[in-house]
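Source file: final39.cif. Holds: mmCIF, C-alpha atoms.
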data_final
#
loop_
_atom_site.label_atom_id
_atom_site.label_comp_id
_atom_site.auth_asym_id
_atom_site.auth_seq_id
_atom_site.Cartn_x
_atom_site.Cartn_y
_atom_site.Cartn_z
CA MET A 1 16.84 19.81 2.19
CA GLY A 2 13.70 17.77 2.16
CA CYS A 3 12.14 15.33 -0.23
CA GLN A 4 8.41 15.04 -0.32
CA PRO A 5 7.30 12.61 -3.01
CA ASP A 6 3.67 12.94 -3.92
CA LEU A 7 2.61 9.40 -4.73
CA PRO A 8 -1.00 9.08 -5.76
CA SER A 9 -0.26 5.71 -7.28
CA SER A 10 2.75 3.43 -7.39
CA THR A 11 3.84 0.20 -8.87
CA VAL A 12 6.44 -2.03 -7.34
CA GLY A 13 8.96 -2.95 -10.02
CA PRO A 14 10.65 -6.27 -10.68
CA ALA A 15 13.58 -7.39 -8.58
CA ASP A 16 15.90 -7.29 -11.60
CA ALA A 17 18.65 -4.73 -10.89
CA LYS A 18 18.21 -3.16 -14.33
CA ALA A 19 14.53 -2.73 -13.81
CA PRO A 20 13.17 0.02 -11.62
CA SER A 21 12.34 -0.80 -8.04
CA GLN A 22 9.19 1.23 -8.30
CA ILE A 23 7.34 3.12 -10.98
CA LEU A 24 5.59 6.14 -9.61
CA GLN A 25 2.88 8.00 -11.46
CA ASN A 26 2.70 11.76 -10.99
CA PHE A 27 6.10 11.84 -9.40
CA GLU A 28 6.86 14.99 -7.44
CA MET A 29 9.89 16.09 -5.48
CA GLN A 30 10.76 19.30 -3.69
CA ASP A 31 14.16 20.67 -2.81
CA ILE A 32 13.93 22.73 0.34
CA HIS A 33 16.71 24.75 1.91
CA SER A 34 16.31 26.08 5.45
CA GLY A 35 12.59 25.71 5.16
CA VAL A 36 12.38 27.63 1.91
CA ILE A 37 11.52 25.88 -1.30
CA ALA A 38 14.21 26.13 -3.99
CA MET A 39 12.96 23.68 -6.58
CA LYS A 40 9.97 21.50 -7.33
CA LEU A 41 10.06 18.70 -9.88
CA LYS A 42 6.98 17.10 -11.35
CA SER A 43 6.83 14.22 -13.77
CA ILE A 44 4.11 12.05 -15.19
CA GLU A 45 6.20 9.03 -14.31
CA GLY A 46 9.25 8.31 -12.18
CA ARG A 47 11.12 5.02 -12.35
CA MET A 48 12.96 4.62 -9.08
CA PHE A 49 16.10 2.56 -8.68
CA ASP A 50 16.54 2.04 -4.99
CA GLN A 51 20.06 0.65 -5.06
CA SER A 52 21.49 3.59 -6.92
CA HIS A 53 19.15 6.12 -5.30
CA ILE A 54 18.07 7.57 -8.62
CA ALA A 55 14.79 8.11 -10.35
CA ASP A 56 14.43 8.47 -14.08
CA VAL A 57 11.61 10.82 -14.89
CA GLU A 58 9.52 11.38 -18.01
CA LYS A 59 8.95 14.91 -19.21
CA PRO A 60 10.14 16.54 -16.01
CA LEU A 61 8.74 19.97 -15.25
CA VAL A 62 11.06 21.75 -12.84
CA THR A 63 9.99 24.96 -11.16
CA PHE A 64 12.73 27.01 -9.54
CA TYR A 65 11.98 29.41 -6.73
CA LYS A 66 13.75 32.45 -5.39
CA GLN A 67 12.73 33.74 -1.99
CA GLY A 68 9.64 31.61 -2.19
CA LYS A 69 8.48 32.91 -5.58
CA VAL A 70 8.67 31.20 -8.93
CA SER A 71 11.77 32.43 -10.76
CA SER A 72 11.97 30.11 -13.73
CA VAL A 73 10.62 26.90 -15.21
CA MET A 74 12.56 24.09 -16.84
CA ASN A 75 11.14 21.55 -19.28
CA ALA A 76 12.81 18.50 -20.75
CA PRO A 77 11.79 15.23 -22.41
CA GLN A 78 13.88 13.14 -20.02
CA GLY A 79 15.44 13.57 -16.62
CA ARG A 80 17.11 11.87 -13.71
CA VAL A 81 16.78 12.75 -10.06
CA TYR A 82 19.42 11.82 -7.52
CA MET A 83 17.27 11.13 -4.52
CA GLN A 84 19.91 11.63 -1.86
CA THR A 85 21.25 14.94 -3.12
CA HIS A 86 18.24 16.20 -5.11
CA ALA A 87 20.52 16.91 -8.05
CA VAL A 88 18.74 16.75 -11.38
CA ASP A 89 19.99 15.89 -14.85
CA ALA A 90 17.79 16.73 -17.81
CA TRP A 91 18.36 15.98 -21.48
CA GLY A 92 16.86 15.60 -24.89
CA GLY A 93 16.10 19.28 -25.50
CA VAL A 94 16.02 21.29 -22.31
CA THR A 95 14.45 24.72 -21.98
CA VAL A 96 14.54 27.14 -19.06
CA VAL A 97 12.34 30.25 -19.15
CA ASN A 98 12.53 32.97 -16.52
CA ALA A 99 10.09 35.71 -15.56
CA ASP A 100 11.56 38.08 -18.16
CA SER A 101 11.00 35.50 -20.88
CA THR A 102 14.72 34.95 -21.22
CA THR A 103 14.95 31.45 -22.64
CA LEU A 104 17.82 29.00 -22.28
CA THR A 105 17.92 25.96 -24.52
CA THR A 106 20.45 23.13 -24.51
CA ASP A 107 20.58 19.39 -24.97
CA LYS A 108 21.74 18.53 -21.46
CA LEU A 109 21.47 20.45 -18.23
CA SER A 110 22.15 19.67 -14.59
CA TYR A 111 20.88 21.28 -11.41
CA ASP A 112 23.29 21.38 -8.49
CA PRO A 113 21.16 21.87 -5.37
CA GLN A 114 24.08 22.59 -3.06
CA ARG A 115 25.29 25.52 -5.16
CA GLN A 116 21.82 26.20 -6.54
CA LYS A 117 23.24 26.49 -10.04
CA ILE A 118 22.27 25.05 -13.37
CA ILE A 119 25.17 23.73 -15.40
CA SER A 120 25.75 22.52 -18.93
CA LYS A 121 28.87 21.46 -20.77
CA ASP A 122 27.10 21.35 -24.10
CA ALA A 123 26.09 23.89 -26.68
CA VAL A 124 23.71 26.42 -25.16
CA ARG A 125 21.53 29.23 -26.47
CA VAL A 126 20.14 32.16 -24.51
CA GLU A 127 17.46 34.20 -26.22
CA LYS A 128 16.40 37.65 -25.06
CA PRO A 129 14.23 40.21 -26.80
CA ASP A 130 17.29 42.10 -27.99
CA SER A 131 19.84 39.35 -28.49
CA VAL A 132 20.57 35.70 -29.13
CA THR A 133 23.66 34.20 -27.53
CA ASP A 134 25.14 30.84 -28.49
CA GLY A 135 27.95 29.30 -26.46
CA ILE A 136 29.60 26.14 -25.23
CA GLY A 137 29.16 25.39 -21.56
CA LEU A 138 27.16 27.38 -19.04
CA GLU A 139 26.82 27.94 -15.34
CA ALA A 140 23.94 30.08 -14.19
CA ASP A 141 21.53 30.84 -11.43
CA PRO A 142 18.30 28.99 -12.14
CA ASP A 143 16.53 32.32 -12.66
CA LEU A 144 19.11 33.22 -15.36
CA THR A 145 20.01 36.52 -13.71
CA HIS A 146 23.66 35.52 -13.44
CA ILE A 147 25.04 33.60 -16.41
CA LYS A 148 28.55 32.45 -17.23
CA MET A 149 29.05 31.07 -20.69
CA GLY A 150 32.06 29.95 -22.69
CA HIS A 151 33.09 30.60 -26.29
CA GLU A 152 29.92 32.51 -26.92
CA LYS A 153 28.67 34.53 -29.84
CA VAL A 154 26.17 37.28 -29.11
CA ARG A 155 23.98 38.49 -31.94
CA MET A 156 22.34 41.81 -31.22
CA THR A 157 18.97 42.14 -32.85
CA PRO A 158 19.08 45.22 -35.11
CA ASN A 159 17.10 48.17 -33.78
CA ALA A 160 15.85 46.22 -30.80
CA HIS A 161 17.76 48.23 -28.16
CA MET B 1 55.07 87.69 -35.28
CA HIS B 2 54.18 86.42 -38.69
CA THR B 3 52.31 83.61 -40.38
CA GLU B 4 54.04 81.01 -42.46
CA ASP B 5 52.21 78.83 -44.93
CA VAL B 6 53.32 75.28 -44.82
CA THR B 7 51.66 74.03 -47.94
CA ALA B 8 53.50 70.75 -48.08
CA PHE B 9 52.07 69.92 -44.75
CA ALA B 10 48.55 70.45 -45.96
CA GLY B 11 48.74 67.46 -48.27
CA MET B 12 48.33 65.09 -45.39
CA THR B 13 45.35 66.90 -43.95
CA THR B 14 42.68 65.04 -45.84
CA LYS B 15 44.04 61.70 -44.75
CA LEU B 16 44.33 62.97 -41.25
CA LEU B 17 40.75 64.12 -41.12
CA LEU B 18 39.54 60.77 -42.32
CA LEU B 19 41.70 59.12 -39.75
CA LEU B 20 40.40 61.19 -36.90
CA SER B 21 36.85 60.77 -38.05
CA CYS B 22 37.48 57.07 -37.66
CA LEU B 23 37.90 57.62 -33.93
CA SER B 24 34.88 59.84 -33.73
CA ASN B 25 32.83 57.07 -35.25
CA ALA B 26 33.44 55.20 -32.01
CA PHE B 27 33.37 51.99 -33.90
CA TRP B 28 34.71 49.97 -31.04
CA VAL B 29 31.69 50.46 -28.89
CA ARG B 30 28.89 49.98 -31.35
CA ALA B 31 27.45 47.23 -29.20
CA ALA B 32 26.37 49.83 -26.72
CA MET B 33 24.64 51.93 -29.29
CA PRO B 34 21.46 51.40 -31.20
CA PRO B 35 22.61 50.17 -34.57
CA THR B 36 22.14 52.84 -37.17
CA THR B 37 21.65 50.32 -39.94
CA ALA B 38 20.07 46.94 -40.28
CA SER B 39 23.46 45.28 -40.08
CA GLU B 40 23.83 42.76 -37.30
CA THR B 41 26.13 43.34 -34.37
CA THR B 42 27.90 40.30 -32.99
CA ILE B 43 30.28 39.83 -30.07
CA THR B 44 32.39 36.76 -29.46
CA SER B 45 34.78 36.03 -26.60
CA ASP B 46 36.22 33.19 -24.58
CA GLU B 47 33.84 33.86 -21.71
CA LEU B 48 30.71 35.89 -21.13
CA GLU B 49 29.37 36.75 -17.72
CA ILE B 50 26.00 38.40 -17.25
CA LEU B 51 25.51 39.78 -13.75
CA ASP B 52 22.37 40.92 -11.97
CA ASN B 53 20.06 40.15 -14.85
CA GLY B 54 22.17 42.12 -17.29
CA ALA B 55 23.03 45.06 -15.04
CA GLN B 56 26.62 44.35 -15.98
CA THR B 57 27.94 42.28 -18.85
CA VAL B 58 31.55 41.20 -19.02
CA PHE B 59 33.27 39.69 -22.05
CA THR B 60 36.69 38.19 -21.34
CA GLY B 61 39.37 36.79 -23.63
CA HIS B 62 39.72 37.40 -27.34
CA VAL B 63 36.75 39.73 -27.48
CA VAL B 64 35.67 40.52 -31.04
CA LEU B 65 32.84 42.94 -31.76
CA THR B 66 31.69 43.12 -35.35
CA GLN B 67 29.29 45.47 -37.03
CA ASP B 68 30.15 45.89 -40.67
CA PRO B 69 32.27 47.71 -41.61
CA TYR B 70 33.61 48.05 -38.07
CA GLN B 71 35.41 45.51 -35.92
CA LEU B 72 36.86 45.75 -32.43
CA PHE B 73 39.26 43.40 -30.69
CA ALA B 74 40.10 43.55 -26.96
CA ASP B 75 41.11 41.37 -24.05
CA ARG B 76 38.11 42.42 -21.99
CA MET B 77 34.98 44.45 -22.51
CA THR B 78 32.45 45.51 -19.90
CA GLN B 79 29.09 47.19 -20.24
CA ILE B 80 27.11 48.77 -17.42
CA LYS B 81 23.44 48.67 -18.38
CA ALA B 82 22.28 51.59 -16.20
CA THR B 83 24.74 54.05 -17.68
CA GLY B 84 25.43 52.32 -20.96
CA ILE B 85 29.12 52.90 -20.36
CA VAL B 86 31.30 50.43 -22.22
CA GLU B 87 34.91 49.91 -21.26
CA ALA B 88 37.46 47.89 -23.19
CA LYS B 89 40.88 46.93 -21.90
CA GLY B 90 43.94 45.23 -23.28
CA HIS B 91 45.22 44.98 -26.83
CA ILE B 92 42.43 47.11 -28.21
CA ARG B 93 42.31 47.16 -31.97
CA GLY B 94 39.48 48.80 -33.83
CA THR B 95 39.28 48.53 -37.58
CA TRP B 96 37.19 50.07 -40.31
CA LYS B 97 37.25 49.07 -43.96
CA GLY B 98 35.83 51.13 -46.79
CA ASP B 99 34.36 49.96 -50.05
CA LYS B 100 37.32 51.24 -52.05
CA GLY B 101 40.00 49.52 -50.01
CA GLU B 102 40.65 52.36 -47.63
CA ARG B 103 40.92 51.37 -44.00
CA SER B 104 41.61 52.75 -40.55
CA VAL B 105 42.94 51.10 -37.44
CA ALA B 106 42.90 52.41 -33.88
CA THR B 107 44.93 50.64 -31.21
CA GLY B 108 45.43 51.28 -27.52
CA ALA B 109 45.35 49.77 -24.06
CA ASN B 110 42.11 51.31 -22.77
CA ALA B 111 38.94 52.65 -24.27
CA ARG B 112 35.67 53.94 -22.90
CA TYR B 113 32.37 55.03 -24.38
CA THR B 114 29.99 57.17 -22.33
CA PRO B 115 26.66 57.25 -24.17
CA ALA B 116 25.04 59.97 -22.05
CA GLU B 117 27.64 62.41 -23.26
CA LYS B 118 28.38 60.55 -26.48
CA VAL B 119 32.05 60.64 -25.65
CA THR B 120 34.58 58.06 -26.81
CA GLU B 121 38.04 57.84 -25.26
CA LEU B 122 41.14 55.89 -26.22
CA TRP B 123 44.38 55.92 -24.27
CA GLY B 124 47.47 53.91 -23.39
CA ASP B 125 49.87 53.71 -26.33
CA ALA B 126 47.05 55.02 -28.47
CA LEU B 127 47.68 54.98 -32.19
CA LEU B 128 45.46 55.80 -35.15
CA THR B 129 46.48 54.69 -38.64
CA ARG B 130 44.79 55.42 -41.94
CA TRP B 131 45.43 53.83 -45.35
CA GLU B 132 43.90 55.60 -48.31
CA THR B 133 43.78 52.53 -50.55
CA ALA B 134 44.43 48.82 -50.30
CA ALA B 135 47.82 49.46 -51.90
CA ASP B 136 48.74 52.43 -49.71
CA THR B 137 52.15 51.87 -48.13
CA GLN B 138 52.44 55.29 -46.53
CA PRO B 139 49.59 55.58 -44.07
CA VAL B 140 49.02 58.60 -41.87
CA THR B 141 49.53 57.85 -38.19
CA VAL B 142 48.60 59.82 -35.09
CA THR B 143 49.75 59.00 -31.59
CA ALA B 144 48.75 60.74 -28.38
CA ASP B 145 48.48 60.06 -24.70
CA HIS B 146 44.71 60.33 -24.83
CA PHE B 147 42.12 60.69 -27.58
CA THR B 148 38.61 61.93 -26.83
CA ALA B 149 35.89 62.06 -29.46
CA TYR B 150 32.85 64.23 -28.75
CA ASP B 151 30.04 63.07 -30.99
CA GLN B 152 27.70 65.93 -30.13
CA ASP B 153 29.98 68.72 -31.24
CA HIS B 154 31.73 66.62 -33.87
CA THR B 155 35.22 67.09 -32.48
CA VAL B 156 38.13 64.88 -31.56
CA HIS B 157 40.64 66.06 -28.98
CA ALA B 158 44.12 64.54 -28.78
CA GLN B 159 46.08 65.31 -25.64
CA GLY B 160 49.70 64.77 -24.70
CA HIS B 161 52.62 64.10 -27.00
CA VAL B 162 50.53 64.37 -30.13
CA VAL B 163 52.52 63.19 -33.15
CA MET B 164 51.05 63.12 -36.63
CA GLN B 165 53.14 61.75 -39.42
CA GLN B 166 53.05 60.42 -42.91
CA PRO B 167 56.06 58.84 -44.55
CA PRO B 168 58.38 59.67 -46.06
CA GLY B 169 58.83 63.09 -44.53
CA LEU B 170 55.87 64.77 -42.86
CA ARG B 171 55.62 65.08 -39.13
CA THR B 172 54.08 67.37 -36.51
CA LEU B 173 54.55 67.43 -32.77
CA SER B 174 52.26 69.24 -30.37
CA ASP B 175 50.90 68.99 -26.88
CA GLU B 176 47.33 69.04 -28.06
CA ALA B 177 45.30 68.77 -31.23
CA LYS B 178 41.61 69.21 -31.93
CA TYR B 179 39.82 68.15 -35.06
CA ASP B 180 36.50 69.83 -35.84
CA ARG B 181 34.48 67.85 -38.34
CA THR B 182 32.05 70.68 -38.93
CA THR B 183 34.70 73.14 -40.09
CA GLU B 184 37.10 70.43 -41.24
CA THR B 185 39.97 72.01 -39.41
CA ILE B 186 42.64 70.75 -37.07
CA ALA B 187 44.11 73.03 -34.45
CA LEU B 188 47.47 72.22 -32.89
CA TRP B 189 48.71 73.98 -29.77
CA GLY B 190 50.17 73.48 -26.32
CA ALA B 191 52.56 74.66 -23.67
CA HIS B 192 55.41 73.82 -25.98
CA PRO B 193 55.78 75.13 -29.53
CA VAL B 194 54.10 73.22 -32.31
CA GLN B 195 56.76 71.63 -34.50
CA VAL B 196 56.33 70.85 -38.17
CA HIS B 197 58.86 68.96 -40.24
CA TRP B 198 58.68 67.91 -43.87
CA GLU B 199 61.00 66.42 -46.42
CA ASP B 200 60.60 65.90 -50.14
CA VAL B 201 62.72 65.89 -53.27
CA LYS B 202 63.00 69.66 -53.12
CA GLY B 203 64.46 69.72 -49.67
CA ALA B 204 63.48 69.74 -46.02
CA GLY B 205 61.86 72.24 -43.69
CA ASP B 206 61.42 72.67 -39.96
CA PHE B 207 59.10 75.23 -38.44
CA GLU B 208 57.87 76.09 -34.99
CA GLY B 209 54.99 78.23 -33.83
CA GLU B 210 52.67 78.61 -30.90
CA ARG B 211 49.68 77.34 -32.86
CA ALA B 212 49.03 75.60 -36.16
CA TRP B 213 45.85 75.41 -38.19
CA LEU B 214 45.09 72.89 -40.88
CA VAL B 215 42.19 73.33 -43.28
CA VAL B 216 41.02 70.66 -45.67
CA SER B 217 39.17 72.62 -48.27
CA PRO B 218 40.81 74.52 -49.73
CA LYS B 219 43.93 72.68 -48.61
CA ARG B 220 45.81 75.07 -46.42
CA ALA B 221 47.95 75.04 -43.34
CA LYS B 222 49.47 77.80 -41.32
CA LEU B 223 51.51 78.38 -38.21
CA GLU B 224 50.78 81.36 -35.98
CA HIS B 225 52.56 83.33 -33.29
CA ASN B 226 56.30 83.41 -32.92
CA VAL B 227 56.84 81.32 -36.01
CA HIS B 228 60.35 80.52 -37.02
CA GLY B 229 62.03 77.85 -39.03
CA HIS B 230 64.33 77.05 -41.86
CA VAL B 231 64.31 75.34 -45.24
CA VAL B 232 67.22 73.34 -46.61
CA PRO B 233 66.93 72.94 -50.40
CA SER B 234 68.20 69.78 -51.99
CA SER B 235 71.60 70.18 -53.52
#

Before anything else, please render the file you have as structure tokens.
Amino acid sequence: MGCQPDLPSSTVGPADAKAPSQILQNFEMQDIHSGVIAMKLKSIEGRMFDQSHIADVEKPLVTFYKQGKVSSVMNAPQGRVYMQTHAVDAWGGVTVVNADSTTLTTDKLSYDPQRQKIISKDAVRVEKPDSVTDGIGLEADPDLTHIKMGHEKVRMTPNAH
Amino acid sequence: MHTEDVTAFAGMTTKLLLLLSCLSNAFWVRAAMPPTTASETTITSDELEILDNGAQTVFTGHVVLTQDPYQLFADRMTQIKATGIVEAKGHIRGTWKGDKGERSVATGANARYTPAEKVTELWGDALLTRWETAADTQPVTVTADHFTAYDQDHTVHAQGHVVMQQPPGLRTLSDEAKYDRTTETIALWGAHPVQVHWEDVKGAGDFEGERAWLVVSPKRAKLEHNVHGHVVPSS
């Protein structure tokens, strides 16, 4: 895995432990496995906390890749990046849209870079052209081709098959 | 060889036809079919797994499929997108409720719907039950080793240990039975003789024949080929 922050401008934060060590504008991070990009995160601002190796990011835009091609895109109002593992937490109204326009929405979502899975323990909704599925808890490939969901209810759209 | 009318037996035919038509409606696999009405189809379960971008969908644990007026319960349900084949396993219970309180229930261990051939199968302790009204306490039941409903030719085939009965005293046993919705007839036959038993206040009767035919309208039933039996009037 590799981390390649793109730092056009940066601000060194106060020494206070509760304050960020640095505030980075146009924060960018890539998650690379065996030389192949798996995920790219962009944010208008990243507040880095060096001691805890985390960065809180504003409006993160996460692009997932499969075999080098974009497979889905995640948006959220807030996020947190774990700089050592490249794990990502996102919250506040998360959406993931794949190439087939399948859309996942949930309040909180995590990306596990080791397993390359997205995970939520909260209420989730998956919308497809022919169905809407609500459930509690989800584990899925970032491109939403393989989804496991708990306690779900699938509503088939009439005459959409 | 002679033919013996078994008119008492014919009384259950209408219920039986409705019951078998319940199976042919394939209500337990409506999720795989384009809905024929605007009613919404929903499926709930403990866990859903979508594989290969929907190539296979697996519902596990307390699966409930609802499309009014049908409902299906099962332990597990799987759909293959390429073929459309839906399989259900474990504690299958399909129900249908009519506007006037009539209802039908189909239970079994395994079920399969093959959309290309429009064939529905139910097997493993398979039982069909039909109540004519909400207050009906004497439903018609049919058990068989294997039920197969052919939507295209409007027939339902029951194979192996086919038993149709309606309390208090109507019962048939046969190796096979076939219901034809177009002609509204049920044929009973098999390697073993078809057996018909009935009881009422007038007495009891037992008949055997190589084949039996049941017709709904006009209500009529007959046994054919090597028919024999006896009637015991009430004393």

Can you translate the PyMOL selection byres ((chain B) within 6 of (chain A)) into the concrete residues it hits in this file, as a CSV table (one decimal) with C-alpha atoms, keeping the file's coordinate frame?
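Listing of part-v6.csv after writing:
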chain,number,residue,atom,x,y,z
B,34,PRO,CA,21.5,51.4,-31.2
B,35,PRO,CA,22.6,50.2,-34.6
B,38,ALA,CA,20.1,46.9,-40.3
B,40,GLU,CA,23.8,42.8,-37.3
B,41,THR,CA,26.1,43.3,-34.4
B,42,THR,CA,27.9,40.3,-33.0
B,43,ILE,CA,30.3,39.8,-30.1
B,44,THR,CA,32.4,36.8,-29.5
B,45,SER,CA,34.8,36.0,-26.6
B,46,ASP,CA,36.2,33.2,-24.6
B,47,GLU,CA,33.8,33.9,-21.7
B,48,LEU,CA,30.7,35.9,-21.1
B,49,GLU,CA,29.4,36.8,-17.7
B,50,ILE,CA,26.0,38.4,-17.2
B,51,LEU,CA,25.5,39.8,-13.8
B,52,ASP,CA,22.4,40.9,-12.0
B,53,ASN,CA,20.1,40.2,-14.8

Report task. Extract, using all atoms listed in the file, all DNA, RNA and protein residues at most 6 Å from stretch 46-58 of chain A, discarding same-chain residues fewer than 5 positions from it, and format them as a PyMOL selection string. Result -> chain A and resi 20-24+27+78-83

Query raised in the report: Care to translate the PyMOL selection byres ((chain B and resi 118) around 7) into actual residues of this file, as a PyMOL selection string?
Result: chain B and resi 114-117+119-120+150-152

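Note that atom CA of A:Asn75 and atom CA of A:Pro129 are 20.4 Å apart.
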
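Take the candidates A:Glu45, A:Asp130, A:Asp122, A:Asp89 and check each one against A:Gln25 using all atoms listed in the file; the shortest distance goes to A:Glu45.
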
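Taking atom CA of B:Thr148 as the reference point, atom CA of B:His197 is found at 25.3 Å.
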
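Counting from atom CA of B:Leu128, the distance to atom CA of B:Phe59 is 24.1 Å.
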
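Nearest to B:Gln195 of all the residues B:Ala109, B:Ala82, B:Met164, B:Ala134 is B:Met164, counting only C-alpha atoms.
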
Query raised in the report: Once the PyMOL selection byres ((chain A and resi 37) around 10) has been applied to the shown file, what residues remain in the selection, as a list in words?
Result: Met1, Gly2, Gln30, Asp31, Ile32, His33, Ser34, Gly35, Val36, Ala38, Met39, Lys40, Phe64, Tyr65, Lys66, Gln67, Gly68, Lys69 and Val70 of chain A

Query raised in the report: Do you know which residues are at most 7 Å from B:His161 counting only C-alpha atoms, after dropping those on the same chain fewer than 3 positions away, and could you put them as an NGL selection string?
Result: :B and (144-145 or 173-175)

Report summary line: Nearest to A:Met29, restricted to all atoms listed in the file and choosing among A:Glu127, A:Gly92, A:Leu61, A:Val97, comes out as A:Leu61

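When all atoms listed in the file are used to compute distances to B:Ser234, the closest of the residues B:Ala126, B:Ile186, B:Ala204, B:Ala55 turns out to be B:Ala204.
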
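The nearest approach to B:Asp200 among the residues B:Pro168, B:Met77, B:Val163, B:Ala158, with all atoms listed in the file taken into account, belongs to B:Pro168.
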
Report task. Compute the distance from (25.8, 24.7, -7.4) to each atom, counting all atoms listed in the file, keep the residues with any atom at most 10 Å away, and return them as a VMD selection string; use the coordinates of the file. Result -> chain A and resid 87 110 to 119 139 to 142

Completed stretch 206-226 of chain B (N, CA and C atoms) as a compact mmCIF listing (two decimals), in the coordinates of the input:
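New file part-v1.txt:
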# COMPACT_ATOMS: atom_id res chain seq x y z
N ASP B 206 61.83 72.81 -41.37
CA ASP B 206 61.42 72.67 -39.96
C ASP B 206 60.90 74.02 -39.49
N PHE B 207 59.70 74.00 -38.93
CA PHE B 207 59.10 75.23 -38.44
C PHE B 207 58.53 75.02 -37.03
N GLU B 208 58.50 76.11 -36.31
CA GLU B 208 57.87 76.09 -34.99
C GLU B 208 56.94 77.29 -34.87
N GLY B 209 55.90 77.12 -34.11
CA GLY B 209 54.99 78.23 -33.83
C GLY B 209 54.17 77.88 -32.60
N GLU B 210 53.47 78.89 -32.10
CA GLU B 210 52.67 78.61 -30.90
C GLU B 210 51.41 77.82 -31.24
N ARG B 211 50.89 78.06 -32.45
CA ARG B 211 49.68 77.34 -32.86
C ARG B 211 49.80 76.99 -34.34
N ALA B 212 49.12 75.95 -34.74
CA ALA B 212 49.03 75.60 -36.16
C ALA B 212 47.58 75.31 -36.48
N TRP B 213 47.20 75.66 -37.72
CA TRP B 213 45.85 75.41 -38.19
C TRP B 213 45.93 74.67 -39.51
N LEU B 214 45.14 73.65 -39.64
CA LEU B 214 45.09 72.89 -40.88
C LEU B 214 43.67 72.92 -41.39
N VAL B 215 43.52 73.27 -42.67
CA VAL B 215 42.19 73.33 -43.28
C VAL B 215 42.18 72.39 -44.47
N VAL B 216 41.09 71.65 -44.60
CA VAL B 216 41.02 70.66 -45.67
C VAL B 216 40.68 71.29 -47.01
N SER B 217 39.62 72.09 -47.00
CA SER B 217 39.17 72.62 -48.27
C SER B 217 38.92 74.12 -48.18
N PRO B 218 39.69 74.94 -48.89
CA PRO B 218 40.81 74.52 -49.73
C PRO B 218 42.00 74.08 -48.85
N LYS B 219 42.82 73.20 -49.39
CA LYS B 219 43.93 72.68 -48.61
C LYS B 219 44.85 73.82 -48.19
N ARG B 220 45.00 73.96 -46.91
CA ARG B 220 45.81 75.07 -46.42
C ARG B 220 46.28 74.75 -45.00
N ALA B 221 47.45 75.22 -44.70
CA ALA B 221 47.95 75.04 -43.34
C ALA B 221 48.75 76.27 -42.98
N LYS B 222 48.70 76.63 -41.73
CA LYS B 222 49.47 77.80 -41.32
C LYS B 222 49.91 77.66 -39.86
N LEU B 223 51.03 78.29 -39.59
CA LEU B 223 51.51 78.38 -38.21
C LEU B 223 51.32 79.82 -37.77
N GLU B 224 51.02 80.01 -36.49
CA GLU B 224 50.78 81.36 -35.98
C GLU B 224 51.61 81.59 -34.73
N HIS B 225 51.92 82.85 -34.52
CA HIS B 225 52.56 83.33 -33.29
C HIS B 225 53.98 82.79 -33.12
N ASN B 226 54.88 83.73 -33.17
CA ASN B 226 56.30 83.41 -32.92
C ASN B 226 56.79 82.27 -33.81
